[in-house]
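Participant: I'm passing along protein.cif; it holds mmCIF, C-alpha atoms.
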data_model
loop_
_atom_site.label_atom_id
_atom_site.label_comp_id
_atom_site.auth_asym_id
_atom_site.auth_seq_id
_atom_site.Cartn_x
_atom_site.Cartn_y
_atom_site.Cartn_z
CA MET A 1 52.01 26.93 -21.22
CA GLU A 2 53.00 28.35 -17.82
CA ASP A 3 53.05 24.78 -16.42
CA CYS A 4 55.46 23.54 -19.09
CA LEU A 5 58.65 21.87 -17.90
CA SER A 6 60.73 24.27 -20.02
CA LYS A 7 59.57 27.10 -17.71
CA LYS A 8 60.80 25.22 -14.64
CA ILE A 9 64.12 23.70 -15.70
CA GLU A 10 66.85 24.68 -18.12
CA ILE A 11 67.74 21.80 -20.48
CA THR A 12 70.91 21.57 -22.58
CA VAL A 13 72.74 18.83 -24.45
CA SER A 14 76.14 20.33 -23.75
CA GLU A 15 78.60 17.93 -25.35
CA ALA A 16 79.08 14.73 -27.32
CA GLU A 17 81.64 11.99 -26.67
CA LYS A 18 82.75 9.06 -28.80
CA ARG A 19 82.76 5.79 -26.85
CA THR A 20 83.43 2.09 -27.41
CA GLY A 21 81.43 -0.70 -25.81
CA ARG A 22 79.60 -3.99 -26.28
CA ASN A 23 76.17 -4.15 -27.91
CA ALA A 24 73.25 -6.54 -27.18
CA VAL A 25 74.93 -9.43 -29.05
CA ASN A 26 78.26 -8.82 -27.25
CA MET A 27 80.00 -7.32 -30.29
CA GLN A 28 82.26 -4.31 -29.91
CA GLU A 29 80.86 -1.08 -31.33
CA THR A 30 81.70 2.61 -31.46
CA TYR A 31 78.92 5.04 -30.58
CA THR A 32 78.36 8.63 -29.49
CA ALA A 33 77.03 9.57 -26.05
CA TYR A 34 75.46 12.97 -25.32
CA LEU A 35 75.64 14.86 -22.02
CA ILE A 36 72.25 16.19 -20.88
CA GLU A 37 72.41 18.95 -18.26
CA THR A 38 69.42 20.30 -16.32
CA ARG A 39 69.17 23.19 -13.89
CA ALA A 40 66.17 24.55 -11.94
CA VAL A 41 65.00 27.97 -13.19
CA GLU A 42 63.29 29.09 -9.94
CA SER A 43 66.47 29.34 -7.88
CA GLN A 44 68.16 31.36 -10.67
CA ASN A 45 65.26 33.85 -10.62
CA GLU A 46 65.74 34.20 -6.85
CA GLY A 47 69.40 35.02 -7.33
CA GLN A 48 70.70 31.62 -6.21
CA CYS A 49 73.02 29.41 -8.24
CA SER A 50 71.27 26.03 -8.48
CA PRO A 51 73.35 22.87 -9.00
CA VAL A 52 73.49 21.31 -12.45
CA ASP A 53 72.32 17.70 -12.81
CA SER A 54 73.88 15.79 -15.68
CA LEU A 55 73.72 12.35 -17.29
CA TRP A 56 74.79 10.67 -20.53
CA ARG A 57 72.40 9.25 -23.13
CA ARG A 58 72.94 7.42 -26.42
CA TYR A 59 70.99 8.23 -29.57
CA SER A 60 69.21 4.86 -29.25
CA GLU A 61 67.81 6.00 -25.86
CA PHE A 62 66.42 9.14 -27.48
CA GLU A 63 64.77 6.81 -30.05
CA LEU A 64 63.29 4.67 -27.26
CA LEU A 65 61.88 7.79 -25.58
CA ARG A 66 60.28 9.01 -28.80
CA ASN A 67 58.78 5.58 -29.61
CA TYR A 68 57.29 5.52 -26.12
CA LEU A 69 55.78 9.01 -26.63
CA LEU A 70 54.35 8.01 -30.04
CA VAL A 71 52.52 5.01 -28.57
CA THR A 72 51.46 6.68 -25.31
CA PHE A 73 50.22 9.91 -26.93
CA PRO A 74 48.84 8.85 -30.34
CA HIS A 75 46.86 12.12 -30.72
CA ILE A 76 50.02 14.26 -30.39
CA VAL A 77 52.27 15.42 -33.24
CA VAL A 78 55.41 14.17 -31.46
CA PRO A 79 58.55 16.23 -32.26
CA PRO A 80 61.00 14.35 -34.50
CA LEU A 81 64.60 13.43 -33.74
CA PRO A 82 67.47 14.72 -35.89
CA GLU A 83 68.61 12.31 -38.59
CA LYS A 84 70.73 9.31 -37.61
CA ARG A 85 72.85 9.61 -40.75
CA ALA A 86 73.36 12.70 -42.89
CA ASP A 87 71.05 13.08 -45.88
CA PHE A 88 70.52 15.84 -48.49
CA VAL A 89 74.16 16.95 -48.13
CA TRP A 90 76.25 18.71 -50.77
CA HIS A 91 78.98 16.38 -51.98
CA LYS A 92 81.93 18.10 -50.27
CA LEU A 93 80.38 17.45 -46.85
CA SER A 94 81.02 14.18 -45.00
CA ALA A 95 78.01 11.89 -44.60
CA ASP A 96 79.80 9.85 -41.90
CA ASN A 97 77.69 9.75 -38.73
CA MET A 98 80.93 9.88 -36.67
CA ASP A 99 82.16 13.04 -38.41
CA PRO A 100 82.71 15.75 -35.71
CA ASP A 101 80.72 18.39 -37.64
CA PHE A 102 77.77 16.02 -38.13
CA VAL A 103 77.88 14.92 -34.46
CA GLU A 104 77.84 18.58 -33.38
CA ARG A 105 74.80 19.32 -35.57
CA ARG A 106 73.06 16.23 -34.20
CA ARG A 107 73.85 17.38 -30.65
CA ILE A 108 72.04 20.65 -31.40
CA GLY A 109 69.14 18.68 -32.94
CA LEU A 110 68.80 16.43 -29.87
CA GLU A 111 68.76 19.48 -27.59
CA ASN A 112 66.05 21.00 -29.79
CA PHE A 113 64.03 17.74 -29.52
CA LEU A 114 64.18 17.83 -25.71
CA LEU A 115 63.19 21.51 -25.66
CA ARG A 116 60.26 20.80 -28.01
CA VAL A 117 58.97 18.03 -25.72
CA ALA A 118 59.61 20.07 -22.55
CA SER A 119 57.59 23.01 -23.95
CA HIS A 120 54.67 20.84 -25.13
CA PRO A 121 51.66 21.30 -22.80
CA VAL A 122 50.94 17.54 -22.65
CA LEU A 123 54.24 15.72 -23.30
CA CYS A 124 56.13 17.78 -20.72
CA GLN A 125 54.01 16.31 -17.90
CA ASP A 126 54.99 12.72 -18.63
CA ASN A 127 56.94 10.99 -15.81
CA ILE A 128 58.99 8.84 -18.21
CA PHE A 129 60.22 11.97 -20.00
CA TYR A 130 61.14 13.60 -16.69
CA SER A 131 63.01 10.43 -15.64
CA PHE A 132 64.86 10.48 -18.99
CA LEU A 133 66.27 13.89 -18.00
CA THR A 134 67.02 13.08 -14.38
CA GLN A 135 67.54 9.33 -13.83
CA GLU A 136 70.44 7.65 -15.61
CA GLY A 137 70.35 4.16 -14.08
CA GLY A 138 67.29 1.97 -14.60
CA TRP A 139 65.54 4.33 -17.02
CA LYS A 140 65.34 1.75 -19.84
CA GLU A 141 63.80 -0.81 -17.49
CA MET A 142 61.30 1.80 -16.32
CA VAL A 143 60.12 2.63 -19.86
CA ASN A 144 59.93 -1.07 -20.84
CA GLU A 145 57.85 -1.82 -17.74
CA THR A 146 55.14 0.51 -19.07
CA GLY A 147 54.43 -2.18 -21.70
CA PHE A 148 54.17 0.45 -24.44
CA GLN A 149 55.47 -2.02 -27.06
CA LEU A 150 52.38 -4.20 -26.53
CA LYS A 151 50.17 -1.20 -27.30
CA ALA A 152 51.99 -0.43 -30.55
CA ASP A 153 49.89 -1.15 -33.65
CA SER A 154 51.35 -3.50 -36.25
CA ARG A 155 52.19 -2.19 -39.70
CA LEU A 156 49.96 -4.83 -41.28
CA LYS A 157 47.00 -3.67 -39.21
CA ALA A 158 47.71 -0.04 -40.11
CA LEU A 159 47.91 -0.94 -43.82
CA ASN A 160 44.68 -2.91 -43.55
CA ALA A 161 42.93 0.06 -41.94
CA THR A 162 44.16 2.42 -44.68
CA PHE A 163 42.51 0.38 -47.44
CA ARG A 164 39.40 -0.93 -45.63
CA VAL A 165 38.00 2.10 -43.78
CA LYS A 166 34.63 2.86 -45.41
CA ASN A 167 33.99 6.31 -43.94
CA PRO A 168 37.31 8.11 -43.44
CA ASP A 169 37.26 11.56 -41.78
CA LYS A 170 37.74 14.13 -44.55
CA ARG A 171 39.88 16.38 -42.33
CA PHE A 172 42.39 13.62 -41.58
CA THR A 173 42.46 12.53 -45.23
CA GLU A 174 43.29 16.10 -46.26
CA LEU A 175 45.91 16.32 -43.49
CA LYS A 176 47.54 13.12 -44.76
CA HIS A 177 47.72 14.54 -48.29
CA TYR A 178 49.10 17.82 -46.90
CA SER A 179 51.85 15.99 -44.96
CA ASP A 180 52.84 14.07 -48.14
CA GLU A 181 53.02 17.33 -50.11
CA LEU A 182 54.93 19.11 -47.33
CA GLN A 183 57.50 16.31 -47.28
CA SER A 184 57.81 16.42 -51.08
CA VAL A 185 58.26 20.21 -51.18
CA ILE A 186 60.85 20.29 -48.39
CA SER A 187 62.76 17.34 -49.92
CA HIS A 188 62.94 19.23 -53.22
CA LEU A 189 63.97 22.44 -51.43
CA LEU A 190 66.79 20.60 -49.62
CA ARG A 191 68.06 19.10 -52.87
CA VAL A 192 68.06 22.54 -54.53
CA ARG A 193 69.85 24.01 -51.49
CA ALA A 194 72.52 21.28 -51.67
CA ARG A 195 73.17 22.12 -55.35
CA VAL A 196 73.31 25.86 -54.59
CA ALA A 197 75.73 25.20 -51.69
CA ASP A 198 77.93 23.09 -53.96
CA ARG A 199 78.01 25.81 -56.61
CA LEU A 200 78.67 28.46 -53.96
CA TYR A 201 81.61 26.45 -52.63
CA GLY A 202 83.07 26.30 -56.14
CA VAL A 203 82.66 30.06 -56.73
CA TYR A 204 84.34 30.97 -53.45
CA LYS A 205 87.21 28.51 -53.89
CA VAL A 206 87.87 29.76 -57.44
CA HIS A 207 88.49 33.20 -55.91
CA GLY A 208 91.42 31.55 -54.14
CA ASN A 209 92.87 30.96 -57.62
CA TYR A 210 92.54 34.71 -58.28
CA GLY A 211 94.50 35.30 -55.07
CA ARG A 212 97.27 32.91 -56.09
CA VAL A 213 97.56 34.34 -59.63
CA PHE A 214 97.59 37.97 -58.43
CA SER A 215 100.23 37.09 -55.83
CA GLU A 216 102.45 35.35 -58.42
CA TRP A 217 101.97 38.22 -60.87
CA SER A 218 102.91 40.81 -58.23
CA ALA A 219 106.33 39.13 -57.85
CA ILE A 220 107.35 40.11 -61.42
CA GLU A 221 105.89 43.64 -61.39
CA LYS A 222 107.51 46.69 -59.79
CA GLU A 223 104.92 49.46 -60.14
CA MET A 224 101.86 47.18 -60.16
CA GLY A 225 103.13 44.72 -57.53
CA ASP A 226 101.63 46.25 -54.36
CA GLY A 227 98.17 46.66 -55.91
CA LEU A 228 98.14 43.09 -57.25
CA GLN A 229 99.36 41.72 -53.90
CA SER A 230 96.61 43.59 -51.98
CA ALA A 231 93.91 42.46 -54.42
CA GLY A 232 95.13 38.87 -54.08
CA HIS A 233 94.89 39.14 -50.29
CA HIS A 234 91.22 40.23 -50.52
CA MET A 235 90.51 37.25 -52.80
CA ASP A 236 92.17 34.80 -50.38
CA VAL A 237 90.13 36.12 -47.43
CA TYR A 238 86.95 35.82 -49.50
CA ALA A 239 87.77 32.22 -50.51
CA ALA A 240 88.49 31.22 -46.89
CA SER A 241 85.18 32.64 -45.59
CA ILE A 242 83.14 29.92 -47.34
CA ASP A 243 83.60 27.41 -44.50
CA ASP A 244 81.76 29.59 -41.96
CA ILE A 245 79.04 30.39 -44.52
CA LEU A 246 78.39 26.73 -45.32
CA GLU A 247 78.24 25.91 -41.61
CA GLU A 248 75.42 28.47 -41.37
CA GLU A 249 73.88 26.90 -44.50
CA GLU A 250 73.80 23.48 -42.80
CA HIS A 251 72.07 24.98 -39.77
CA TYR A 252 69.35 26.29 -42.11
CA ALA A 253 69.11 22.85 -43.74
CA ASP A 254 68.66 21.21 -40.33
CA GLN A 255 65.73 23.55 -39.58
CA LEU A 256 64.08 22.40 -42.81
CA LYS A 257 64.87 18.74 -42.08
CA GLU A 258 63.05 18.98 -38.75
CA TYR A 259 59.83 19.77 -40.65
CA LEU A 260 60.63 17.10 -43.24
CA PHE A 261 60.48 14.61 -40.34
CA TYR A 262 57.49 16.38 -38.76
CA ALA A 263 55.54 15.36 -41.89
CA GLU A 264 55.89 11.72 -40.81
CA ALA A 265 54.73 12.65 -37.28
CA LEU A 266 51.56 14.14 -38.82
CA ARG A 267 50.97 10.95 -40.81
CA ALA A 268 51.35 8.91 -37.59
CA VAL A 269 48.39 10.79 -36.08
CA CYS A 270 46.37 10.20 -39.27
CA ARG A 271 47.21 6.47 -39.21
CA LYS A 272 46.08 6.18 -35.60
CA HIS A 273 42.76 7.81 -36.47
CA GLU A 274 42.32 5.38 -39.38
CA LEU A 275 42.94 2.46 -37.02
CA MET A 276 40.37 3.76 -34.54
CA GLN A 277 37.84 4.30 -37.33
CA TYR A 278 38.55 0.80 -38.67
CA ASP A 279 38.01 -0.75 -35.21
CA LEU A 280 34.79 1.24 -34.86
CA GLU A 281 33.46 0.07 -38.23
CA MET A 282 34.42 -3.58 -37.49
CA ALA A 283 32.63 -3.38 -34.12
CA ALA A 284 29.53 -1.90 -35.79
CA GLN A 285 29.61 -4.60 -38.47
CA ASP A 286 29.95 -7.35 -35.87
CA LEU A 287 27.04 -5.91 -33.85
CA THR A 288 24.80 -5.76 -36.95
CA SER A 289 25.68 -9.39 -37.75
CA LYS A 290 24.79 -10.56 -34.22
CA LYS A 291 21.47 -8.67 -34.28
CA GLN A 292 20.63 -10.34 -37.58
CA GLN A 293 21.50 -13.79 -36.18
CA CYS A 294 19.33 -13.11 -33.14
CA GLU A 295 16.40 -12.02 -35.33
CA GLU A 296 16.77 -15.09 -37.56
CA LEU A 297 16.76 -17.41 -34.55
CA ALA A 298 13.73 -15.65 -33.03
CA THR A 299 11.68 -15.73 -36.25
CA GLY A 300 13.03 -18.98 -37.66
CA THR A 301 13.82 -17.35 -41.03
CA VAL A 302 17.24 -17.06 -42.63
CA ARG A 303 17.67 -13.91 -44.73
CA THR A 304 21.06 -14.66 -46.24
CA PHE A 305 22.88 -17.78 -47.36
CA SER A 306 25.04 -19.23 -44.58
CA LEU A 307 26.73 -22.52 -43.70
CA LYS A 308 24.61 -22.64 -40.55
CA GLY A 309 21.42 -22.39 -42.62
CA MET A 310 22.57 -25.22 -44.91
CA THR A 311 23.49 -27.39 -41.90
CA SER A 312 20.03 -26.85 -40.40
CA LYS A 313 18.39 -27.98 -43.64
CA LEU A 314 20.59 -31.08 -43.91
CA PHE A 315 20.52 -32.23 -40.29
CA GLY A 316 17.27 -30.77 -39.00
CA GLN A 317 16.23 -27.70 -37.05
CA GLU A 318 17.40 -26.91 -33.51
CA THR A 319 15.11 -27.60 -30.58
CA PRO A 320 13.29 -24.61 -29.00
CA GLU A 321 15.48 -24.95 -25.89
CA GLN A 322 18.69 -24.82 -27.96
CA ARG A 323 17.36 -21.83 -29.87
CA GLU A 324 16.42 -20.01 -26.65
CA ALA A 325 19.88 -20.65 -25.19
CA LYS A 326 21.53 -19.28 -28.35
CA ILE A 327 19.27 -16.22 -28.38
CA LYS A 328 20.17 -15.52 -24.74
CA VAL A 329 23.91 -15.74 -25.51
CA LEU A 330 23.47 -13.49 -28.54
CA GLU A 331 21.47 -10.93 -26.56
CA GLU A 332 24.28 -10.76 -24.00
CA GLN A 333 26.84 -10.36 -26.81
CA ILE A 334 24.66 -7.66 -28.42
CA GLN A 335 24.49 -5.75 -25.14
CA GLU A 336 28.27 -6.03 -24.78
CA GLY A 337 28.73 -4.96 -28.40
CA GLU A 338 26.50 -1.91 -27.98
CA GLU A 339 28.46 -0.82 -24.91
CA GLN A 340 31.73 -1.42 -26.76
CA LEU A 341 30.50 0.56 -29.78
CA LYS A 342 29.41 3.42 -27.53
CA SER A 343 32.82 3.39 -25.82
CA LYS A 344 34.66 3.38 -29.17
CA ASN A 345 32.50 6.27 -30.41
CA LEU A 346 33.36 8.31 -27.32
CA GLU A 347 37.03 7.38 -27.60
CA GLY A 348 37.01 8.41 -31.27
CA ARG A 349 35.39 11.78 -30.54
CA ASP A 350 37.88 12.47 -27.74
CA PHE A 351 40.77 11.51 -30.03
CA VAL A 352 39.59 13.83 -32.82
CA LYS A 353 39.09 16.73 -30.39
CA SER A 354 42.53 16.29 -28.77
CA ALA A 355 44.34 15.57 -32.03
CA TRP A 356 42.87 18.55 -33.82
CA ALA A 357 43.78 20.89 -30.95
CA ASP A 358 47.39 19.66 -31.14
CA ILE A 359 47.46 19.90 -34.94
CA GLU A 360 46.36 23.55 -34.70
CA ARG A 361 49.13 24.15 -32.15
CA PHE A 362 51.61 22.46 -34.51
CA LYS A 363 50.49 24.61 -37.48
CA GLU A 364 51.12 27.81 -35.53
CA GLN A 365 54.56 26.56 -34.52
CA LYS A 366 55.37 25.47 -38.09
CA ASN A 367 54.31 28.79 -39.64
CA HIS A 368 56.42 30.73 -37.13
CA ASP A 369 59.52 28.51 -37.43
CA LEU A 370 59.59 28.21 -41.21
CA LYS A 371 58.99 31.94 -41.62
CA GLU A 372 61.97 32.65 -39.32
CA ALA A 373 64.16 30.10 -41.13
CA LEU A 374 63.37 31.45 -44.61
CA ILE A 375 63.93 35.06 -43.53
CA SER A 376 67.27 34.10 -41.94
CA TYR A 377 68.28 32.30 -45.14
CA ALA A 378 67.38 35.35 -47.25
CA VAL A 379 69.36 37.63 -44.90
CA MET A 380 72.34 35.26 -45.14
CA GLN A 381 72.22 35.29 -48.97
CA ILE A 382 72.01 39.10 -49.00
CA SER A 383 74.98 39.25 -46.61
CA MET A 384 77.01 36.93 -48.87
CA CYS A 385 76.22 39.05 -51.93
CA LYS A 386 77.26 42.20 -50.07
CA LYS A 387 80.50 40.50 -49.05
CA GLY A 388 81.20 39.64 -52.70
CA ILE A 389 80.50 43.23 -53.79
CA GLN A 390 82.78 44.53 -51.02
CA VAL A 391 85.63 42.22 -52.07
CA TRP A 392 85.49 43.40 -55.67
CA THR A 393 85.11 47.04 -54.56
CA ASN A 394 88.30 46.63 -52.51
CA ALA A 395 90.02 44.94 -55.46
CA LYS A 396 88.94 47.82 -57.71
CA GLU A 397 90.55 50.33 -55.30
CA CYS A 398 93.74 48.24 -55.26
CA PHE A 399 93.83 48.24 -59.09
CA SER A 400 93.14 52.00 -59.19
CA LYS A 401 96.26 52.70 -57.07
CA MET A 402 98.56 50.77 -59.39
#
Before anything else, please render the file you have as structure tokens.
Facilitator:
Amino acid sequence: MEDCLSKKIEITVSEAEKRTGRNAVNMQETYTAYLIETRAVESQNEGQCSPVDSLWRRYSEFELLRNYLLVTFPHIVVPPLPEKRADFVWHKLSADNMDPDFVERRRIGLENFLLRVASHPVLCQDNIFYSFLTQEGGWKEMVNETGFQLKADSRLKALNATFRVKNPDKRFTELKHYSDELQSVISHLLRVRARVADRLYGVYKVHGNYGRVFSEWSAIEKEMGDGLQSAGHHMDVYAASIDDILEEEEHYADQLKEYLFYAEALRAVCRKHELMQYDLEMAAQDLTSKKQQCEELATGTVRTFSLKGMTSKLFGQETPEQREAKIKVLEEQIQEGEEQLKSKNLEGRDFVKSAWADIERFKEQKNHDLKEALISYAVMQISMCKKGIQVWTNAKECFSKM
């Protein structure tokens, strides 16, 4: 971890800016650009003020970076990006992806994504990631030149592997089920939180009605007027405090959403393992078939029904020379197949070892982060309850002085 990029440079996404430009099909569009700033840590430790490097990136460039990382490091649980459009929001909150509050939360999420990658022991060493932080012009061309899109597995192939793998690894099967359940639980938790936030908003805003009524009542009372006016003021302050509380609530929701999207990152690792296992099984099946063909040609017996066997019966057997030539070709193909199978076995073992090490690292991170988030949420709820008690305690004192 000492070699991680996050130990060497300070990374921030300091601001967001709405811009207008032309897209790939020359149509005008409005988008948000984010300012990434980096500063060397070493010079700060030595008491020097290092210069800040900065560049602007669009959300689509963050997506391109993450897609590149997914393909290049299939055994890694790649950190997710914040959502492109707001989801699981309580109904008073804007779901517009150009809304200033949403853009600000996404800015924080993008900074968190960069910090996650920069602190990862493997991802942080990637040159394309470093260029993303430091090289504004020509970065897209650089990442496309890696040819990572050609290495990406098709969805059809992934689906085929899911249903046709004969000997799936039990650990990855269990991990896939766990990621599905984690996503389901967090989705449900976010929906409950949205309902609680909506109810909370209503409770706080209704206290504003108390404030208005007490204020109006105080205008027609002489002896009770001051007490009612003071109580109304406490209610108004309480009602107005809901905006800051719900902003904190959304920050908590974003922490949960990160792990909602991490569930898909876990499944991506599982899918890659299924594909490797599928390729391995197909290679083994092909090798077995060629060995059988070679044996049949050598012995002159056909074990299973085949079109080739029927053709031989109808049009006569092959000459010894033809058979020898075919056997030689098959023996070469068998040798190639055995080497390929050995290579795929080694590749599979390396993948499992690397993937499982990263999954263990992810689990530690997840346990720590979710524990912190849930504790912070509990502390926030306790604080809100105390605030409500204090408001009514103050109101009680105001009433007592009437």
Participant: Leaving out Ser400 in chain A and any residue of its chain fewer than 6 positions from it, which residues lie within 12 Å of it when counting only C-alpha atoms, given as a list in words?
Facilitator: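 Listed by chain and then number, they are Met224, Asp226, Gly227, Leu228, Ser230, Ala231, Thr393 and Asn394 of chain A.
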Participant: Which residue is closest to Ser179 in chain A? Choose from A:Tyr377, A:Phe261, A:Phe351, A:Trp392 and count all atoms listed in the file.
Facilitator: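 Looking at the shortest contact to Ser179 in chain A, the residue is A:Phe261.
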Participant: Please determine, counting only C-alpha atoms, which residue among A:Glu295, A:Glu249, A:Glu104, A:Glu336 has the shortest atom-to-atom distance to Leu374 in chain A.
Facilitator: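 Using only C-alpha atoms, Leu374 in chain A sits closest to A:Glu249.
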Participant: If you measure from CA of Ser6 in chain A to CA of Thr134 in chain A, what distance in Å do you get, rounded to one decimal?
Facilitator: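 Answer for the CA of Ser6 in chain A to CA of Thr134 in chain A separation: 14.0 Å.
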Participant: Between CA of Asp350 in chain A and CA of Gln333 in chain A, what is the distance, to one decimal in Å?
Facilitator: 25.4 Å
